[in-house]
Amino acid sequence: MPRKVLIVTAILCLLSGGLGLWLGMLDARRSETDIINSAAALWSAETGISDVASCLAWVRPEDVIWLEVRCGMGETKRSYVFDTKGRLIRQSGPET
């Protein structure tokens with residue numbers, strides 16, 4: 001087998017392996033704790049309340065939704081919904 005073919009094949013294997021590792025790391029970066037902390041920071045910024053211990057989160061069974069985080073009570077109640085990549089996809093204000 002010609003040497004150039006082996007070199008090109010090795011380079012392509014290394015590049016595809018590096019790309020796969022990079023894409024895998026993008027998914028693995030945000031943990032549930034990171035998501036809850038970001039929702040608590042959003043809630044704190046919106047309401048001016050710094051007691052972020054009142055935020056609760058749970059995993060949602062839908063395909064697109066990963067976590068729902070609810071913070072506060074009454075007029076300060078907010079809900080934040082995150083997708084499987086950790087992006088905020090929906091938020092809602094106080095329920096009346």
# chains A, B, ... in the order shown; residues from 1 in each chain; ligands from 1
>>> select_by_dssp(residues="chain A", states="alpha helix (DSSP H)", output="ChimeraX atom specification")
/A:3-28,32-47
>>> write_last_selection(atoms="N, CA and C atoms", output="compact mmCIF listing (two decimals), in the first residue's frame")
# COMPACT_ATOMS: atom_id res chain seq x y z
N ARG A 3 2.60 4.74 0.67
CA ARG A 3 2.82 5.46 1.92
C ARG A 3 1.88 6.67 2.07
N LYS A 4 1.59 7.37 0.97
CA LYS A 4 0.70 8.53 1.01
C LYS A 4 -0.70 8.15 1.47
N VAL A 5 -1.18 7.00 1.03
CA VAL A 5 -2.51 6.53 1.43
C VAL A 5 -2.54 6.30 2.94
N LEU A 6 -1.50 5.69 3.48
CA LEU A 6 -1.44 5.45 4.92
C LEU A 6 -1.40 6.75 5.71
N ILE A 7 -0.65 7.72 5.23
CA ILE A 7 -0.54 9.01 5.92
C ILE A 7 -1.89 9.73 5.91
N VAL A 8 -2.54 9.76 4.76
CA VAL A 8 -3.84 10.42 4.65
C VAL A 8 -4.87 9.72 5.53
N THR A 9 -4.86 8.40 5.54
CA THR A 9 -5.79 7.63 6.38
C THR A 9 -5.55 7.91 7.86
N ALA A 10 -4.29 7.95 8.27
CA ALA A 10 -3.97 8.24 9.67
C ALA A 10 -4.42 9.65 10.06
N ILE A 11 -4.20 10.61 9.17
CA ILE A 11 -4.62 11.99 9.46
C ILE A 11 -6.14 12.08 9.58
N LEU A 12 -6.85 11.43 8.67
CA LEU A 12 -8.32 11.44 8.74
C LEU A 12 -8.83 10.76 10.01
N CYS A 13 -8.19 9.69 10.42
CA CYS A 13 -8.59 9.01 11.67
C CYS A 13 -8.36 9.91 12.88
N LEU A 14 -7.22 10.59 12.92
CA LEU A 14 -6.94 11.49 14.04
C LEU A 14 -7.91 12.67 14.07
N LEU A 15 -8.20 13.23 12.92
CA LEU A 15 -9.14 14.35 12.86
C LEU A 15 -10.55 13.94 13.28
N SER A 16 -11.00 12.80 12.80
CA SER A 16 -12.34 12.36 13.17
C SER A 16 -12.42 11.99 14.65
N GLY A 17 -11.36 11.41 15.18
CA GLY A 17 -11.32 11.12 16.61
C GLY A 17 -11.33 12.38 17.46
N GLY A 18 -10.55 13.37 17.03
CA GLY A 18 -10.53 14.66 17.75
C GLY A 18 -11.87 15.37 17.69
N LEU A 19 -12.51 15.34 16.53
CA LEU A 19 -13.83 15.95 16.38
C LEU A 19 -14.87 15.24 17.25
N GLY A 20 -14.82 13.93 17.28
CA GLY A 20 -15.75 13.17 18.13
C GLY A 20 -15.55 13.47 19.60
N LEU A 21 -14.30 13.58 20.02
CA LEU A 21 -14.02 13.92 21.41
C LEU A 21 -14.51 15.32 21.75
N TRP A 22 -14.29 16.27 20.86
CA TRP A 22 -14.73 17.65 21.08
C TRP A 22 -16.25 17.73 21.17
N LEU A 23 -16.96 17.07 20.26
CA LEU A 23 -18.41 17.09 20.29
C LEU A 23 -18.96 16.39 21.53
N GLY A 24 -18.31 15.33 21.96
CA GLY A 24 -18.73 14.65 23.18
C GLY A 24 -18.54 15.51 24.41
N MET A 25 -17.49 16.28 24.44
CA MET A 25 -17.23 17.17 25.58
C MET A 25 -18.27 18.30 25.64
N LEU A 26 -18.79 18.72 24.51
CA LEU A 26 -19.82 19.75 24.51
C LEU A 26 -21.06 19.27 25.25
N ASP A 27 -21.42 18.02 25.07
CA ASP A 27 -22.59 17.47 25.75
C ASP A 27 -22.32 17.22 27.23
N ALA A 28 -21.11 16.90 27.58
CA ALA A 28 -20.79 16.50 28.95
C ALA A 28 -20.43 17.67 29.86
N GLU A 32 -26.39 18.64 36.13
CA GLU A 32 -27.67 19.08 36.69
C GLU A 32 -27.46 20.23 37.68
N THR A 33 -26.39 20.17 38.44
CA THR A 33 -26.09 21.24 39.40
C THR A 33 -25.83 22.56 38.68
N ASP A 34 -25.12 22.51 37.56
CA ASP A 34 -24.88 23.73 36.77
C ASP A 34 -26.20 24.33 36.29
N ILE A 35 -27.11 23.48 35.83
CA ILE A 35 -28.40 23.95 35.33
C ILE A 35 -29.21 24.58 36.46
N ILE A 36 -29.26 23.93 37.61
CA ILE A 36 -30.01 24.46 38.74
C ILE A 36 -29.42 25.79 39.21
N ASN A 37 -28.10 25.87 39.25
CA ASN A 37 -27.46 27.13 39.65
C ASN A 37 -27.74 28.25 38.67
N SER A 38 -27.78 27.95 37.38
CA SER A 38 -28.06 29.01 36.40
C SER A 38 -29.52 29.46 36.50
N ALA A 39 -30.45 28.52 36.74
CA ALA A 39 -31.85 28.90 36.93
C ALA A 39 -32.01 29.73 38.20
N ALA A 40 -31.31 29.36 39.27
CA ALA A 40 -31.38 30.13 40.51
C ALA A 40 -30.82 31.54 40.32
N ALA A 41 -29.79 31.67 39.53
CA ALA A 41 -29.22 32.99 39.25
C ALA A 41 -30.19 33.83 38.42
N LEU A 42 -30.88 33.22 37.45
CA LEU A 42 -31.90 33.93 36.68
C LEU A 42 -33.03 34.40 37.59
N TRP A 43 -33.49 33.51 38.46
CA TRP A 43 -34.58 33.84 39.38
C TRP A 43 -34.17 34.97 40.31
N SER A 44 -32.97 34.90 40.82
CA SER A 44 -32.47 35.94 41.71
C SER A 44 -32.37 37.28 40.99
N ALA A 45 -31.94 37.28 39.75
CA ALA A 45 -31.84 38.51 38.97
C ALA A 45 -33.22 39.10 38.67
N GLU A 46 -34.21 38.23 38.43
CA GLU A 46 -35.55 38.71 38.11
C GLU A 46 -36.30 39.23 39.32
N THR A 47 -36.12 38.58 40.46
CA THR A 47 -36.91 38.93 41.64
C THR A 47 -36.16 39.77 42.65
>>> select_by_dssp(residues="stretch 20-64 of chain A", states="strand (DSSP E)", output="mmCIF file with N, CA and C atoms, in the first residue's frame")
data_model
loop_
_atom_site.group_PDB
_atom_site.id
_atom_site.type_symbol
_atom_site.label_atom_id
_atom_site.label_comp_id
_atom_site.auth_asym_id
_atom_site.auth_seq_id
_atom_site.Cartn_x
_atom_site.Cartn_y
_atom_site.Cartn_z
ATOM 1 N N CYS A 55 -35.165 26.855 45.325
ATOM 2 C CA CYS A 55 -35.305 26.325 43.971
ATOM 3 C C CYS A 55 -35.294 24.798 44.010
ATOM 4 N N LEU A 56 -36.263 24.205 43.334
ATOM 5 C CA LEU A 56 -36.371 22.752 43.237
ATOM 6 C C LEU A 56 -36.313 22.344 41.774
ATOM 7 N N ALA A 57 -35.738 21.190 41.508
ATOM 8 C CA ALA A 57 -35.628 20.723 40.128
ATOM 9 C C ALA A 57 -35.971 19.250 40.044
ATOM 10 N N TRP A 58 -36.479 18.853 38.895
ATOM 11 C CA TRP A 58 -36.709 17.449 38.641
ATOM 12 C C TRP A 58 -36.582 17.176 37.147
ATOM 13 N N VAL A 59 -36.296 15.923 36.854
ATOM 14 C CA VAL A 59 -36.129 15.489 35.470
ATOM 15 C C VAL A 59 -37.512 15.289 34.872
#
>>> atom_distance(atom1="atom CA of A:Ser54", atom2="atom CA of A:Ser79")
12.0 Å
>>> atom_distance(atom1="atom CA of A:Ile49", atom2="atom CA of A:Ile65")
26.5 Å
>>> closest_residue(among="A:Arg60, A:Gly48, A:Gly93, A:Trp66", to="A:Arg78", atoms="only C-alpha atoms")
A:Gly93
>>> atom_distance(atom1="atom CA of A:Ser50", atom2="atom CA of A:Phe82")
21.6 Å
>>> closest_residue(among="A:Val52, A:Asp63, A:Val69, A:Met1", to="A:Leu88", atoms="only C-alpha atoms")
A:Val69
